[in-house]
file protein20.pdb (PDB, C-alpha atoms)
ATOM      1  CA  MET A   1      17.083 -44.425  14.646  1.00  0.00           C
ATOM      2  CA  ILE A   2      18.409 -45.412  11.206  1.00  0.00           C
ATOM      3  CA  LYS A   3      18.403 -49.198  10.721  1.00  0.00           C
ATOM      4  CA  CYS A   4      21.409 -50.299   8.715  1.00  0.00           C
ATOM      5  CA  VAL A   5      23.057 -53.373   7.234  1.00  0.00           C
ATOM      6  CA  THR A   6      26.753 -53.967   6.573  1.00  0.00           C
ATOM      7  CA  ILE A   7      27.945 -56.185   3.700  1.00  0.00           C
ATOM      8  CA  ASP A   8      31.590 -57.044   3.049  1.00  0.00           C
ATOM      9  CA  ASP A   9      33.338 -60.300   2.134  1.00  0.00           C
ATOM     10  CA  GLU A  10      36.477 -59.277   4.076  1.00  0.00           C
ATOM     11  CA  PRO A  11      36.028 -60.232   7.778  1.00  0.00           C
ATOM     12  CA  LEU A  12      38.290 -57.443   9.084  1.00  0.00           C
ATOM     13  CA  ALA A  13      36.538 -54.766   7.024  1.00  0.00           C
ATOM     14  CA  LEU A  14      33.141 -56.073   8.152  1.00  0.00           C
ATOM     15  CA  ARG A  15      34.201 -55.977  11.809  1.00  0.00           C
ATOM     16  CA  GLN A  16      35.495 -52.425  11.367  1.00  0.00           C
ATOM     17  CA  LEU A  17      32.211 -51.282   9.788  1.00  0.00           C
ATOM     18  CA  ASN A  18      30.207 -52.922  12.589  1.00  0.00           C
ATOM     19  CA  LYS A  19      32.403 -51.224  15.187  1.00  0.00           C
ATOM     20  CA  TYR A  20      31.897 -47.836  13.529  1.00  0.00           C
ATOM     21  CA  VAL A  21      28.112 -48.373  13.374  1.00  0.00           C
ATOM     22  CA  SER A  22      28.069 -49.171  17.108  1.00  0.00           C
ATOM     23  CA  GLN A  23      29.846 -45.861  17.833  1.00  0.00           C
ATOM     24  CA  VAL A  24      27.221 -43.710  16.081  1.00  0.00           C
ATOM     25  CA  PRO A  25      24.185 -43.157  18.333  1.00  0.00           C
ATOM     26  CA  PHE A  26      21.622 -42.702  15.540  1.00  0.00           C
ATOM     27  CA  LEU A  27      22.619 -45.919  13.712  1.00  0.00           C
ATOM     28  CA  GLU A  28      21.236 -49.341  14.611  1.00  0.00           C
ATOM     29  CA  LEU A  29      22.857 -52.452  13.116  1.00  0.00           C
ATOM     30  CA  ALA A  30      20.019 -54.666  11.857  1.00  0.00           C
ATOM     31  CA  GLY A  31      22.266 -57.208  10.106  1.00  0.00           C
ATOM     32  CA  SER A  32      25.822 -57.948   9.030  1.00  0.00           C
ATOM     33  CA  PHE A  33      26.662 -60.167   6.053  1.00  0.00           C
ATOM     34  CA  SER A  34      29.766 -61.544   4.350  1.00  0.00           C
ATOM     35  CA  ASN A  35      28.013 -61.842   0.982  1.00  0.00           C
ATOM     36  CA  ALA A  36      25.371 -59.952  -0.940  1.00  0.00           C
ATOM     37  CA  ILE A  37      23.156 -62.971  -1.609  1.00  0.00           C
ATOM     38  CA  GLU A  38      22.426 -63.514   2.112  1.00  0.00           C
ATOM     39  CA  ALA A  39      21.995 -59.765   2.555  1.00  0.00           C
ATOM     40  CA  SER A  40      19.545 -59.637  -0.344  1.00  0.00           C
ATOM     41  CA  ALA A  41      17.228 -62.164   1.335  1.00  0.00           C
ATOM     42  CA  PHE A  42      17.414 -60.215   4.611  1.00  0.00           C
ATOM     43  CA  VAL A  43      16.825 -56.797   3.035  1.00  0.00           C
ATOM     44  CA  SER A  44      13.830 -58.051   1.056  1.00  0.00           C
ATOM     45  CA  SER A  45      12.123 -59.268   4.254  1.00  0.00           C
ATOM     46  CA  THR A  46      13.242 -56.633   6.787  1.00  0.00           C
ATOM     47  CA  ALA A  47      12.805 -52.860   6.821  1.00  0.00           C
ATOM     48  CA  VAL A  48      16.256 -51.322   6.385  1.00  0.00           C
ATOM     49  CA  ASP A  49      17.034 -47.614   5.899  1.00  0.00           C
ATOM     50  CA  LEU A  50      20.756 -47.706   5.062  1.00  0.00           C
ATOM     51  CA  ILE A  51      23.107 -50.240   3.465  1.00  0.00           C
ATOM     52  CA  PHE A  52      26.908 -50.156   3.719  1.00  0.00           C
ATOM     53  CA  VAL A  53      28.113 -52.419   0.893  1.00  0.00           C
ATOM     54  CA  ASP A  54      31.471 -53.393  -0.573  1.00  0.00           C
ATOM     55  CA  VAL A  55      31.697 -53.241  -4.366  1.00  0.00           C
ATOM     56  CA  ASN A  56      34.062 -56.105  -5.185  1.00  0.00           C
ATOM     57  CA  MET A  57      32.555 -59.335  -3.794  1.00  0.00           C
ATOM     58  CA  PRO A  58      32.246 -62.860  -5.217  1.00  0.00           C
ATOM     59  CA  ASP A  59      28.960 -64.175  -6.677  1.00  0.00           C
ATOM     60  CA  LEU A  60      27.055 -60.877  -6.535  1.00  0.00           C
ATOM     61  CA  ASN A  61      29.028 -57.623  -6.483  1.00  0.00           C
ATOM     62  CA  GLY A  62      27.830 -54.569  -4.599  1.00  0.00           C
ATOM     63  CA  LEU A  63      26.768 -52.628  -7.690  1.00  0.00           C
ATOM     64  CA  ASP A  64      24.570 -55.465  -8.965  1.00  0.00           C
ATOM     65  CA  PHE A  65      23.207 -55.962  -5.448  1.00  0.00           C
ATOM     66  CA  VAL A  66      22.105 -52.306  -5.297  1.00  0.00           C
ATOM     67  CA  ARG A  67      20.585 -52.546  -8.794  1.00  0.00           C
ATOM     68  CA  SER A  68      18.492 -55.495  -7.564  1.00  0.00           C
ATOM     69  CA  LEU A  69      17.022 -53.633  -4.588  1.00  0.00           C
ATOM     70  CA  VAL A  70      13.277 -53.114  -4.663  1.00  0.00           C
ATOM     71  CA  GLY A  71      13.037 -50.550  -1.846  1.00  0.00           C
ATOM     72  CA  LYS A  72      14.465 -47.063  -1.614  1.00  0.00           C
ATOM     73  CA  GLN A  73      17.225 -47.688   0.918  1.00  0.00           C
ATOM     74  CA  MET A  74      20.110 -45.247   1.225  1.00  0.00           C
ATOM     75  CA  VAL A  75      23.411 -46.778   0.108  1.00  0.00           C
ATOM     76  CA  ILE A  76      27.025 -46.074   1.032  1.00  0.00           C
ATOM     77  CA  PHE A  77      29.609 -48.014  -0.948  1.00  0.00           C
ATOM     78  CA  THR A  78      32.716 -49.120   0.966  1.00  0.00           C
ATOM     79  CA  THR A  79      35.512 -50.275  -1.305  1.00  0.00           C
ATOM     80  CA  ALA A  80      39.205 -50.176  -2.098  1.00  0.00           C
ATOM     81  CA  TYR A  81      38.490 -49.351  -5.752  1.00  0.00           C
ATOM     82  CA  SER A  82      38.008 -45.730  -6.802  1.00  0.00           C
ATOM     83  CA  GLU A  83      37.037 -46.608 -10.379  1.00  0.00           C
ATOM     84  CA  TYR A  84      33.449 -47.536  -9.430  1.00  0.00           C
ATOM     85  CA  ALA A  85      32.622 -44.150  -7.896  1.00  0.00           C
ATOM     86  CA  ILE A  86      30.874 -42.691 -10.945  1.00  0.00           C
ATOM     87  CA  GLU A  87      28.766 -45.822 -11.380  1.00  0.00           C
ATOM     88  CA  SER A  88      27.796 -45.702  -7.702  1.00  0.00           C
ATOM     89  CA  TYR A  89      26.371 -42.211  -8.049  1.00  0.00           C
ATOM     90  CA  LYS A  90      24.327 -43.323 -11.062  1.00  0.00           C
ATOM     91  CA  LEU A  91      22.720 -45.692  -8.534  1.00  0.00           C
ATOM     92  CA  ASP A  92      21.941 -42.729  -6.211  1.00  0.00           C
ATOM     93  CA  ALA A  93      24.528 -43.675  -3.596  1.00  0.00           C
ATOM     94  CA  VAL A  94      24.650 -41.256  -0.697  1.00  0.00           C
ATOM     95  CA  ASP A  95      28.423 -41.664  -0.380  1.00  0.00           C
ATOM     96  CA  TYR A  96      31.430 -43.671  -1.559  1.00  0.00           C
ATOM     97  CA  LEU A  97      34.080 -44.502   1.052  1.00  0.00           C
ATOM     98  CA  LEU A  98      37.531 -45.712   0.040  1.00  0.00           C
ATOM     99  CA  LYS A  99      39.267 -48.305   2.233  1.00  0.00           C
ATOM    100  CA  PRO A 100      40.923 -48.045   4.634  1.00  0.00           C
ATOM    101  CA  ILE A 101      37.996 -46.057   6.029  1.00  0.00           C
ATOM    102  CA  SER A 102      38.705 -43.636   8.847  1.00  0.00           C
ATOM    103  CA  PHE A 103      36.073 -43.069  11.513  1.00  0.00           C
ATOM    104  CA  SER A 104      35.874 -39.385  10.571  1.00  0.00           C
ATOM    105  CA  ASP A 105      35.003 -40.278   6.947  1.00  0.00           C
ATOM    106  CA  PHE A 106      32.499 -42.867   8.167  1.00  0.00           C
ATOM    107  CA  LEU A 107      30.878 -40.347  10.512  1.00  0.00           C
ATOM    108  CA  ARG A 108      30.705 -37.689   7.771  1.00  0.00           C
ATOM    109  CA  ALA A 109      28.905 -40.168   5.490  1.00  0.00           C
ATOM    110  CA  ALA A 110      26.598 -41.285   8.321  1.00  0.00           C
ATOM    111  CA  ASN A 111      25.697 -37.663   9.087  1.00  0.00           C
ATOM    112  CA  LYS A 112      24.929 -37.092   5.404  1.00  0.00           C
ATOM    113  CA  CYS A 113      22.539 -40.077   5.564  1.00  0.00           C
ATOM    114  CA  LYS A 114      20.986 -38.748   8.756  1.00  0.00           C
ATOM    115  CA  HIS A 115      20.322 -35.398   7.079  1.00  0.00           C
ATOM    116  CA  HIS A 116      18.824 -37.143   4.024  1.00  0.00           C
ATOM    117  CA  TYR A 117      16.716 -39.411   6.260  1.00  0.00           C
ATOM    118  CA  GLU A 118      15.379 -36.437   8.251  1.00  0.00           C
ATOM    119  CA  LEU A 119      14.448 -34.592   5.044  1.00  0.00           C
ATOM    120  CA  LEU A 120      12.551 -37.649   3.826  1.00  0.00           C
ATOM    121  CA  GLN A 121      10.759 -37.965   7.171  1.00  0.00           C
ATOM    122  CA  THR A 122       9.827 -34.273   7.101  1.00  0.00           C
ATOM    123  CA  ALA A 123       8.551 -34.515   3.535  1.00  0.00           C
ATOM    124  CA  ALA A 124       6.523 -37.638   4.365  1.00  0.00           C
ATOM    125  CA  ALA A 125       4.989 -35.886   7.387  1.00  0.00           C
ATOM    126  CA  GLN A 126       3.802 -32.937   5.267  1.00  0.00           C
ATOM    127  CA  PRO A 127       0.073 -33.376   4.675  1.00  0.00           C
ATOM    128  CA  ALA A 128      -1.057 -33.198   1.083  1.00  0.00           C
ATOM    129  CA  ALA A 129      -3.104 -30.091   0.362  1.00  0.00           C
ATOM    130  CA  THR A 130      -6.822 -30.703   0.179  1.00  0.00           C
ATOM    131  CA  PRO A 131      -8.523 -29.727  -3.079  1.00  0.00           C
ATOM    132  CA  THR A 132     -10.368 -26.412  -3.172  1.00  0.00           C
ATOM    133  CA  VAL A 133     -13.979 -26.092  -4.345  1.00  0.00           C
ATOM    134  CA  GLU A 134     -12.764 -25.047  -7.813  1.00  0.00           C
ATOM    135  CA  GLN A 135     -10.524 -28.109  -8.039  1.00  0.00           C
ATOM    136  CA  GLU A 136     -13.328 -30.422  -6.963  1.00  0.00           C
ATOM    137  CA  SER A 137     -15.494 -29.278  -9.871  1.00  0.00           C
ATOM    138  CA  ASP A 138     -12.703 -30.026 -12.382  1.00  0.00           C
ATOM    139  CA  ASP A 139     -12.098 -33.340 -14.058  1.00  0.00           C
ATOM    140  CA  GLU A 140     -11.712 -36.173 -11.510  1.00  0.00           C
ATOM    141  CA  SER A 141      -8.348 -37.264 -12.982  1.00  0.00           C
ATOM    142  CA  GLU A 142      -6.825 -34.082 -11.576  1.00  0.00           C
ATOM    143  CA  LEU A 143      -7.855 -35.043  -8.070  1.00  0.00           C
ATOM    144  CA  THR A 144      -5.454 -37.995  -8.090  1.00  0.00           C
ATOM    145  CA  VAL A 145      -2.430 -35.695  -8.347  1.00  0.00           C
ATOM    146  CA  GLU A 146      -1.007 -34.922  -4.922  1.00  0.00           C
ATOM    147  CA  ASN A 147      -0.763 -31.239  -4.188  1.00  0.00           C
ATOM    148  CA  ARG A 148       2.352 -30.591  -2.166  1.00  0.00           C
ATOM    149  CA  GLU A 149       3.671 -27.458  -0.568  1.00  0.00           C
ATOM    150  CA  TYR A 150       7.358 -28.447  -1.023  1.00  0.00           C
ATOM    151  CA  ILE A 151       9.486 -30.225  -3.587  1.00  0.00           C
ATOM    152  CA  SER A 152      12.640 -32.191  -2.855  1.00  0.00           C
ATOM    153  CA  VAL A 153      15.655 -31.018  -4.871  1.00  0.00           C
ATOM    154  CA  LYS A 154      19.193 -32.420  -5.111  1.00  0.00           C
ATOM    155  CA  ALA A 155      21.629 -29.504  -5.164  1.00  0.00           C
ATOM    156  CA  ASP A 156      25.193 -29.004  -3.928  1.00  0.00           C
ATOM    157  CA  HIS A 157      25.566 -32.716  -3.047  1.00  0.00           C
ATOM    158  CA  LYS A 158      22.572 -32.683  -0.688  1.00  0.00           C
ATOM    159  CA  VAL A 159      18.803 -32.936  -0.781  1.00  0.00           C
ATOM    160  CA  MET A 160      16.831 -29.859   0.182  1.00  0.00           C
ATOM    161  CA  LEU A 161      13.165 -28.954   0.423  1.00  0.00           C
ATOM    162  CA  VAL A 162      12.041 -25.945  -1.597  1.00  0.00           C
ATOM    163  CA  LYS A 163       8.669 -24.349  -0.959  1.00  0.00           C
ATOM    164  CA  ILE A 164       6.839 -24.230  -4.277  1.00  0.00           C
ATOM    165  CA  SER A 165       5.353 -20.810  -3.558  1.00  0.00           C
ATOM    166  CA  ASP A 166       8.925 -19.457  -3.123  1.00  0.00           C
ATOM    167  CA  ILE A 167       9.819 -20.262  -6.761  1.00  0.00           C
ATOM    168  CA  ASP A 168       9.611 -17.244  -9.077  1.00  0.00           C
ATOM    169  CA  TYR A 169      10.552 -19.149 -12.225  1.00  0.00           C
ATOM    170  CA  VAL A 170      12.507 -22.171 -13.471  1.00  0.00           C
ATOM    171  CA  GLU A 171      15.235 -21.865 -16.086  1.00  0.00           C
ATOM    172  CA  SER A 172      16.553 -24.810 -18.111  1.00  0.00           C
ATOM    173  CA  GLU A 173      20.184 -25.053 -19.159  1.00  0.00           C
ATOM    174  CA  SER A 174      21.213 -28.318 -20.820  1.00  0.00           C
ATOM    175  CA  GLU A 175      20.593 -31.084 -18.273  1.00  0.00           C
ATOM    176  CA  TYR A 176      20.344 -28.655 -15.349  1.00  0.00           C
ATOM    177  CA  LEU A 177      17.477 -26.636 -13.931  1.00  0.00           C
ATOM    178  CA  ARG A 178      17.843 -23.334 -12.113  1.00  0.00           C
ATOM    179  CA  LEU A 179      15.143 -22.512  -9.595  1.00  0.00           C
ATOM    180  CA  HIS A 180      14.997 -18.755  -9.107  1.00  0.00           C
ATOM    181  CA  LEU A 181      13.508 -18.091  -5.672  1.00  0.00           C
ATOM    182  CA  ASN A 182      11.769 -14.902  -4.579  1.00  0.00           C
ATOM    183  CA  SER A 183      14.515 -14.449  -1.956  1.00  0.00           C
ATOM    184  CA  GLY A 184      17.022 -13.934  -4.793  1.00  0.00           C
ATOM    185  CA  GLU A 185      18.639 -17.319  -4.223  1.00  0.00           C
ATOM    186  CA  VAL A 186      19.233 -19.554  -7.259  1.00  0.00           C
ATOM    187  CA  VAL A 187      19.209 -23.336  -6.730  1.00  0.00           C
ATOM    188  CA  THR A 188      20.814 -25.412  -9.517  1.00  0.00           C
ATOM    189  CA  THR A 189      19.835 -29.057  -9.856  1.00  0.00           C
TER     190      THR A 189
END

call {"tool": "encode", "arguments": {"input": "protein20.pdb", "output": "C-alpha cells"}}
result
Amino acid sequence: MIKCVTIDDEPLALRQLNKYVSQVPFLELAGSFSNAIEASAFVSSTAVDLIFVDVNMPDLNGLDFVRSLVGKQMVIFTTAYSEYAIESYKLDAVDYLLKPISFSDFLRAANKCKHHYELLQTAAAQPAATPTVEQESDDESELTVENREYISVKADHKVMLVKISDIDYVESESEYLRLHLNSGEVVTT
C-alpha cells in the first residue's frame, strides 16, 4: 500500500484528488491539506510515500514545498499551469498532471508511482554482497562500500534495475551514458 498526501488550495480540486485516491486500490490517503505549510508539518512527522501537490498556492508554493522535503517521497504535481513542468522534473517529480485531471491520467501517474515504488522495494530487499576473503585483506575503507548486484537506472521515463554483471561497457556521450549489455541491448541514461 502506497501512503499518499494530497495538497491543493482549491477545495474542489482537493476533493477530486481525494476521490481519485479512494478509487485506486494500492493508494492509501494518509492526509489531505489545503496549504503546504500544514502538509509540511504532517509529512515531516509521518511516513508518506507519495505526495500529490498543486504548484500555485499562497504562502508556500508546491515547488518550494518539494524543495523543502527532507525525505525521498515520490511527487506528482497537479496544476493548471504547464510552464512549471520543466522545473518539476528538476525536482525528480514522477509526473506532472494538468488540471482538469481525468481519472485515466491520474491512474496512469499512480501506476507509474506504483512501478517506481516496487522497484525501490525490490532494490532495498536485495542483500548486499558479503566481502570475499581477498576483499577482507584489503584496506578497511573499501569494506564500507556496499557491493550490490544491481544498479538503478533512469531510462525511457522509468526506473529500471540493471544487473551489474550484464554490463559489457559504459560509453559517455555529453551528459548521457550508454550501458552496453551483454544481451546486445543499449540503455541510455

call {"tool": "resolve_selection", "arguments": {"input": "protein20.pdb", "expression": "the PyMOL selection byres ((chain A and resi 71-79) around 9)", "output": "VMD selection string"}}
result
chain A and resid 7 to 8 43 to 44 47 to 56 62 to 63 66 69 to 70 80 to 82 84 to 85 88 91 to 101 109 to 110 113 116 to 117

call {"tool": "resolve_selection", "arguments": {"input": "protein20.pdb", "expression": "the PyMOL selection byres ((chain A and resi 170) around 12)", "output": "ChimeraX atom specification"}}
result
/A:164,166-169,171-173,176-182,186-189

call {"tool": "residues_around", "arguments": {"input": "protein20.pdb", "residues": "A:Val21", "least_positions_apart": "6", "cutoff": "9 Å", "atoms": "all atoms listed in the file", "output": "PyMOL selection string"}}
result
chain A and resi 4+6+27-29+106-107+110

call {"tool": "closest_residue", "arguments": {"input": "protein20.pdb", "among": "A:Ser102, A:Thr46, A:Asn61, A:Ser68", "to": "A:Tyr20", "atoms": "all atoms listed in the file"}}
result
A:Ser102

call {"tool": "atom_distance", "arguments": {"input": "protein20.pdb", "atom1": "atom CA of A:Gln16", "atom2": "atom CA of A:Phe103"}}
result
9.4 Å

call {"tool": "residues_around", "arguments": {"input": "protein20.pdb", "residues": "A:Val162", "least_positions_apart": "4", "cutoff": "7 Å", "atoms": "all atoms listed in the file", "output": "ChimeraX atom specification"}}
result
/A:150-152

call {"tool": "axis_aligned_box", "arguments": {"input": "protein20.pdb", "around": "stretch 94-113 of chain A", "padding_each_side": "5 Å", "output": "lines of an AutoDock Vina configuration file"}}
result
center_x = 31.7
center_y = -42.7
center_z = 5.0
size_x = 28.4
size_y = 21.2
size_z = 23.1

call {"tool": "atom_distance", "arguments": {"input": "protein20.pdb", "atom1": "atom CA of A:Ile2", "atom2": "atom CA of A:Glu83"}}
result
28.5 Å

call {"tool": "atom_distance", "arguments": {"input": "protein20.pdb", "atom1": "atom CA of A:Met1", "atom2": "atom CA of A:Met57"}}
result
28.3 Å

call {"tool": "closest_residue", "arguments": {"input": "protein20.pdb", "among": "A:Asn35, A:Arg67, A:Glu87, A:Ser165", "to": "A:Glu10", "atoms": "only C-alpha atoms"}}
result
A:Asn35
